[in-house]
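Below is start-v3.txt, holding compact mmCIF, C-alpha atoms.
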```
# COMPACT_ATOMS: atom_id res chain seq x y z
CA GLY C 206 35.34 0.51 -7.27
CA ARG C 207 34.94 0.86 -3.52
CA VAL C 208 34.37 4.61 -3.80
CA ASN C 209 31.65 4.09 -6.41
CA LEU C 210 30.05 1.40 -4.25
CA TYR C 211 30.17 3.74 -1.23
CA PHE C 212 28.39 6.56 -3.09
CA TYR C 213 25.96 4.09 -4.61
CA ASN C 214 25.00 2.87 -1.13
CA ILE C 215 24.56 6.46 0.07
CA GLN C 216 22.33 7.18 -2.90
CA GLN C 217 20.22 4.10 -2.20
CA ASN C 218 19.88 5.02 1.47
CA LEU C 219 18.77 8.55 0.55
CA ILE C 220 16.15 7.18 -1.83
CA MET C 221 14.84 4.89 0.91
CA GLU C 222 14.85 7.77 3.39
CA TYR C 223 12.54 9.79 1.13
CA LEU C 224 10.38 6.94 -0.12
CA LEU C 225 9.56 5.31 3.22
CA PRO C 226 7.71 8.32 4.77
CA ILE C 227 5.72 8.76 1.53
CA HIS C 228 4.92 5.04 1.56
CA ILE C 229 3.70 5.20 5.17
CA LEU C 230 1.67 8.38 4.51
CA ALA C 231 0.02 6.80 1.46
CA GLY C 232 -0.83 3.70 3.50
CA THR C 233 -2.35 5.79 6.29
CA ILE C 234 -4.46 7.78 3.81
CA ALA C 235 -5.64 4.59 2.09
CA LEU C 236 -6.59 2.96 5.38
CA LEU C 237 -8.52 5.99 6.68
CA ALA C 238 -10.25 6.50 3.33
CA ALA C 239 -11.23 2.82 3.25
CA ALA C 240 -12.82 3.19 6.70
CA PHE C 241 -14.87 6.20 5.49
CA ALA C 242 -15.90 4.36 2.31
CA ILE C 243 -17.01 1.26 4.23
CA CYS C 244 -19.00 3.23 6.81
CA SER C 245 -20.66 5.65 4.37
CA GLU C 246 -23.77 5.02 2.29
CA LYS C 247 -22.93 3.55 -1.10
CA GLY C 248 -23.33 5.90 -4.05
CA LYS C 249 -23.30 9.05 -1.93
CA LYS C 250 -20.71 11.81 -2.43
CA ILE C 251 -18.71 10.96 0.73
CA HIS C 252 -18.46 7.32 -0.36
CA ILE C 253 -17.30 8.25 -3.86
CA THR C 254 -14.76 10.79 -2.52
CA ALA C 255 -13.46 8.31 0.05
CA GLY C 256 -13.17 5.64 -2.66
CA LYS C 257 -11.15 7.93 -4.93
CA THR C 258 -8.90 8.94 -2.03
CA TYR C 259 -8.38 5.29 -1.16
CA TYR C 260 -7.44 4.49 -4.75
CA TRP C 261 -4.84 7.25 -4.99
CA GLY C 262 -3.45 6.22 -1.62
CA MET C 263 -2.99 2.73 -3.08
CA VAL C 264 -1.28 4.28 -6.11
CA GLY C 265 1.16 5.99 -3.72
CA ILE C 266 1.80 2.69 -1.92
CA PHE C 267 2.44 0.94 -5.24
CA LEU C 268 4.76 3.59 -6.71
CA THR C 269 6.90 3.69 -3.56
CA ALA C 270 6.85 -0.07 -2.87
CA LEU C 271 8.28 -0.98 -6.29
CA PRO C 272 11.59 0.95 -6.02
CA MET C 273 11.97 0.03 -2.33
CA SER C 274 11.55 -3.68 -3.10
CA ILE C 275 14.12 -3.37 -5.91
CA ILE C 276 16.62 -1.53 -3.69
CA ASN C 277 16.20 -4.13 -0.92
CA LYS C 278 16.23 -6.96 -3.49
CA GLU C 279 12.93 -8.30 -2.14
CA ILE C 280 11.21 -10.13 -5.00
CA SER C 281 8.36 -11.20 -2.73
CA LEU C 282 7.52 -7.59 -1.81
CA PHE C 283 7.74 -6.63 -5.48
CA LEU C 284 5.07 -9.23 -6.27
CA VAL C 285 2.93 -8.25 -3.27
CA ALA C 286 2.99 -4.63 -4.52
CA PHE C 287 1.46 -5.71 -7.85
CA PHE C 288 -1.03 -7.93 -6.03
CA SER C 289 -2.22 -5.12 -3.73
CA PHE C 290 -2.45 -2.48 -6.43
CA TYR C 291 -4.44 -4.70 -8.79
CA LEU C 292 -7.16 -5.06 -6.16
CA ALA C 293 -7.61 -1.29 -5.87
CA PHE C 294 -7.31 -0.80 -9.64
CA ALA C 295 -9.87 -3.51 -10.49
CA GLY C 296 -12.21 -2.31 -7.74
CA ARG C 297 -12.17 1.20 -9.19
CA ARG C 298 -12.66 -0.09 -12.74
CA PHE C 299 -15.76 -2.06 -11.69
CA ALA C 300 -17.10 1.11 -10.07
CA GLN C 301 -16.50 3.18 -13.21
CA ASN C 302 -17.48 0.74 -15.96
CA ARG C 303 -21.23 0.06 -15.93
CA THR C 304 -21.34 -1.58 -19.37
CA GLY C 305 -19.64 -4.83 -18.39
CA VAL C 306 -17.39 -4.59 -21.47
CA ALA C 307 -13.73 -4.86 -20.47
CA SER C 308 -11.17 -2.57 -22.08
CA ARG C 309 -7.61 -3.49 -23.05
CA ILE C 310 -6.25 -2.14 -19.73
CA ASP C 311 -8.63 -4.48 -17.84
CA TRP C 312 -7.35 -7.52 -19.74
CA ILE C 313 -3.72 -6.48 -19.20
CA ALA C 314 -4.36 -5.98 -15.46
CA VAL C 315 -6.05 -9.40 -15.10
CA GLY C 316 -3.16 -11.04 -16.96
CA LEU C 317 -0.60 -9.39 -14.68
CA MET C 318 -2.58 -10.47 -11.59
CA ILE C 319 -2.54 -14.13 -12.67
CA VAL C 320 1.14 -13.93 -13.66
CA THR C 321 1.86 -12.38 -10.23
CA GLY C 322 0.16 -15.34 -8.55
CA ILE C 323 2.19 -17.82 -10.60
CA GLY C 324 5.35 -15.85 -9.75
CA MET C 325 4.50 -16.12 -6.05
CA TRP C 326 4.09 -19.90 -6.37
CA LEU C 327 7.44 -20.26 -8.17
CA LEU C 328 9.17 -18.17 -5.52
CA ALA C 329 7.40 -20.22 -2.81
CA ILE C 330 9.02 -23.37 -4.25
CA PHE C 331 12.49 -21.80 -3.99
CA TYR C 332 11.75 -20.62 -0.44
CA PHE C 333 10.53 -24.09 0.51
CA ILE C 334 13.72 -25.69 -0.84
CA ASP C 335 15.74 -23.05 1.06
CA SER C 336 13.78 -23.80 4.30
CA ASN C 337 12.39 -20.25 4.35
CA SER C 338 9.00 -20.26 6.09
CA ASP C 339 7.85 -17.31 3.95
CA TYR C 340 6.89 -19.92 1.35
CA ILE C 341 3.61 -20.30 3.30
CA VAL C 342 2.77 -16.63 2.76
CA LEU C 343 3.70 -16.72 -0.92
CA PHE C 344 1.71 -19.87 -1.61
CA PHE C 345 -1.30 -18.42 0.22
CA PHE C 346 -1.22 -15.06 -1.57
CA GLY C 347 -0.37 -16.74 -4.87
CA PHE C 348 -3.53 -18.80 -4.54
CA ILE C 349 -5.63 -15.71 -3.78
CA SER C 350 -4.02 -13.82 -6.67
CA ILE C 351 -4.82 -16.54 -9.19
CA VAL C 352 -8.36 -17.09 -7.89
CA LEU C 353 -9.25 -13.38 -7.90
CA GLY C 354 -7.56 -12.84 -11.26
CA TYR C 355 -9.38 -15.78 -12.83
CA THR C 356 -12.71 -14.68 -11.29
CA ASP C 357 -12.30 -11.22 -12.83
CA TYR C 358 -11.22 -12.84 -16.12
CA LYS C 359 -14.46 -14.85 -16.27
CA THR C 360 -16.47 -11.76 -15.32
CA HIS C 361 -14.88 -9.81 -18.19
CA LYS C 362 -15.18 -12.69 -20.66
CA HIS C 363 -18.90 -13.15 -20.09
CA GLN C 364 -19.48 -9.41 -19.63
CA GLU C 365 -21.18 -10.06 -16.29
CA ALA C 366 -20.02 -6.91 -14.49
CA THR C 367 -23.40 -5.16 -14.61
CA GLY C 368 -26.02 -4.46 -11.98
CA LYS C 369 -25.54 -6.23 -8.66
CA LYS C 370 -22.69 -8.39 -9.99
CA ARG C 371 -20.70 -5.23 -10.82
CA ILE C 372 -21.22 -3.86 -7.32
CA ALA C 373 -20.20 -7.20 -5.81
CA ARG C 374 -16.97 -7.29 -7.84
CA HIS C 375 -16.28 -3.67 -6.89
CA LEU C 376 -16.76 -4.38 -3.18
CA SER C 377 -14.76 -7.62 -3.27
CA ASN C 378 -11.70 -6.03 -4.85
CA MET C 379 -11.80 -2.84 -2.78
CA LEU C 380 -12.18 -4.76 0.48
CA ALA C 381 -9.47 -7.22 -0.54
CA GLY C 382 -7.18 -4.24 -1.18
CA THR C 383 -8.03 -2.94 2.29
CA ILE C 384 -7.04 -6.32 3.71
CA ALA C 385 -3.67 -5.91 1.99
CA VAL C 386 -3.14 -2.53 3.68
CA VAL C 387 -4.19 -3.88 7.10
CA THR C 388 -1.82 -6.81 6.58
CA ALA C 389 1.09 -4.47 5.84
CA VAL C 390 0.38 -2.44 8.99
CA LEU C 391 0.17 -5.63 11.08
CA VAL C 392 3.36 -7.13 9.66
CA VAL C 393 5.39 -3.96 10.26
CA ASN C 394 4.08 -3.09 13.74
CA VAL C 395 3.15 -6.37 15.46
CA ASN C 396 5.48 -9.23 16.38
CA MET C 397 3.78 -12.62 16.13
CA GLU C 398 4.89 -16.21 16.12
CA PRO C 399 5.00 -17.94 13.76
CA GLN C 400 6.20 -15.06 11.57
CA TRP C 401 3.83 -15.89 8.71
CA LEU C 402 0.75 -15.49 10.95
CA PRO C 403 0.31 -11.67 10.65
CA TRP C 404 0.48 -12.06 6.86
CA ILE C 405 -2.47 -14.42 6.81
CA LEU C 406 -4.56 -13.40 9.84
CA PRO C 407 -6.36 -10.35 8.31
CA THR C 408 -7.37 -12.41 5.27
CA VAL C 409 -8.71 -15.27 7.39
CA ILE C 410 -10.73 -12.86 9.54
CA LEU C 411 -12.00 -10.46 6.87
CA VAL C 412 -12.69 -12.74 3.88
CA PRO C 413 -15.89 -14.04 5.56
CA VAL C 414 -16.96 -10.38 5.85
CA ILE C 415 -16.45 -9.94 2.09
CA SER C 416 -18.45 -13.14 1.44
CA TRP C 417 -21.28 -11.92 3.67
CA TRP C 418 -21.28 -8.50 1.99
CA ASN C 419 -21.42 -10.12 -1.46
CA TRP C 420 -24.31 -12.30 -0.37
CA LYS C 421 -26.13 -9.23 0.94
CA VAL C 422 -25.57 -7.29 -2.31
CA MET C 423 -26.64 -10.17 -4.57
CA LYS C 424 -29.69 -10.87 -2.42
```

C-alpha cells encoding of this file:
Amino acid sequence: GRVNLYFYNIQQNLIMEYLLPIHILAGTIALLAAAFAICSEKGKKIHITAGKTYYWGMVGIFLTALPMSIINKEISLFLVAFFSFYLAFAGRRFAQNRTGVASRIDWIAVGLMIVTGIGMWLLAIFYFIDSNSDYIVLFFFGFISIVLGYTDYKTHKHQEATGKKRIARHLSNMLAGTIAVVTAVLVVNVNMEPQWLPWILPTVILVPVISWWNWKVMK
C-alpha cells in the first residue's frame, strides 16, 4: 500500500510539473492577446486574430486548471476554472453568431455557468462555517457567475444578441474573462492583506470600464 501511494504521489507530482508551465504559458498568451484585442480597432484582422489567440489561450488555461485542481483537491479552483472559461467561450460565441438564435451548446454553457455560481455559494457556506475567509471570494464570484449566466440566458431566450447588443455581450464576456486572467496573475504573484483582496480588486476596478464600454457601444 505504501509503495503504491509513493508511486502515485510521484506520478501526481510529474503531472503537475508538466501542467503548470503550460498553464502559465497559456495565461501569458491570453493576457497579451487580450491587450492586443482591446487596443486594436474592432472588426479589423489584428483584432480578430488577437481574439482567437486569446480564446485558445483560455482553452489552455481551462484544460490545465481542471486536472491541477483535482490533483490538489481544490474544489474552489475547479469552479473558478469553469467560471473563467465560460466567459471566453460565451464572448467568442457572441462574436460568431450574428443571428441571435442560441444553439444547444450555448444553452448548455449558460446552464453550467449558473450551476457553477450556485456551487460557489454552497461551498462559500461550508467555508464560512469552517471560518475560512475564502468564503468572501466564493460568494462574490458566485454572484457574478449567476448574474452573467442569467443575463446571457435572457439574451438567448429573447434572441436579443444582434446588432449593438451582440457586440456589447461579446465585449462584456471577453473583458470579464480578461479580468479573470488578471486576477489569477495578481493572486499568484502579489501578497496582499486581507488575502481575499487580490481576488476581488481587479473586478472592482475593471467592471466600471466594462460598463462604460457597453454604454459607448449601445450609444

Starting from 3 Å padding per side, set up an axis-aligned box that covers all listed atoms of range 379-384 of chain C and hand over centre and edge lengths in Å, one decimal, as lines of an AutoDock Vina configuration file.
```
center_x = -9.6
center_y = -5.0
center_z = 0.5
size_x = 11.1
size_y = 10.4
size_z = 12.5
```

Next on the checklist: What does the structure give for the distance between CA of Ser274 in chain C and CA of Leu343 in chain C, in Å to one decimal?
Outcome noted: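 Computed distance, CA of Ser274 in chain C to CA of Leu343 in chain C, equals 15.4 Å.
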
Checklist entry - Which one of C:Gly322, C:Gly354, C:Pro403, C:Pro272 sits closest to Met221 in chain C if you count only C-alpha atoms? => result C:Pro272

Checklist entry - So, counting only C-alpha atoms, which residue among C:Ala239, C:Val285, C:Val395, C:Ile410 is closest to Thr254 in chain C? => result C:Ala239

Checklist entry - Given the choices C:Tyr259, C:Leu406, C:Gly347, C:Gly305, which gets closest to Phe241 in chain C if the distance is worked out from all atoms listed in the file? => result C:Tyr259

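Closest to Trp261 in chain C among C:Val422, C:Ala231, C:Asn277, C:Glu246 is C:Ala231, based on all atoms listed in the file.
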
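The coordinates place CA of Leu328 in chain C at 10.6 Å from CA of Val342 in chain C.
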
Next on the checklist: I'd like to know which of C:Asn396, C:Asn419, C:Thr356, C:Ser350 is closest to Ser377 in chain C, using all atoms listed in the file.
Outcome noted: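 The answer is C:Asn419, which sits nearest to Ser377 in chain C.
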
Close residues, Ser308 in chain C itself excluded, 10 Å, all atoms listed in the file, min 4 positions apart in chain, as a compact mmCIF listing (two decimals) with C-alpha atoms, in the frame of the given file:
```txt
# COMPACT_ATOMS: atom_id res chain seq x y z
CA ARG C 298 -12.66 -0.09 -12.74
CA ASN C 302 -17.48 0.74 -15.96
CA TRP C 312 -7.35 -7.52 -19.74
CA ILE C 313 -3.72 -6.48 -19.20
CA HIS C 361 -14.88 -9.81 -18.19
```

Item to check | Nearest-residue call for Pro399 in chain C, choices C:Ser338, C:Gln364, C:Leu376, C:Phe345, using all atoms listed in the file | outcome: C:Ser338

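Take CA of Trp420 in chain C and CA of Asn378 in chain C: the distance between them is 14.8 Å.
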
Next on the checklist: Need to verify the contact set: Ile341 in chain C, 9 Å, only C-alpha atoms, exclusion of same-chain residues closer than 5 positions in sequence. Can you return it as a PyMOL selection string?
Outcome noted: chain C and resi 329+332-333+346+401

Next on the checklist: as JSON, numbers by chain, please: the residues near Leu380 in chain C (cut-off 9 Å, only C-alpha atoms, same-chain neighbours under 2 positions excluded).
Outcome noted: {"C": [239, 243, 292, 293, 296, 375, 376, 377, 378, 382, 383, 384, 385, 411, 412, 415]}

Item to check | Near-Ala238 in chain C list (9 Å; only C-alpha atoms; drop same-chain fewer than 3 positions) as a PyMOL selection string | outcome: chain C and resi 233-235+241-243+254-260+262
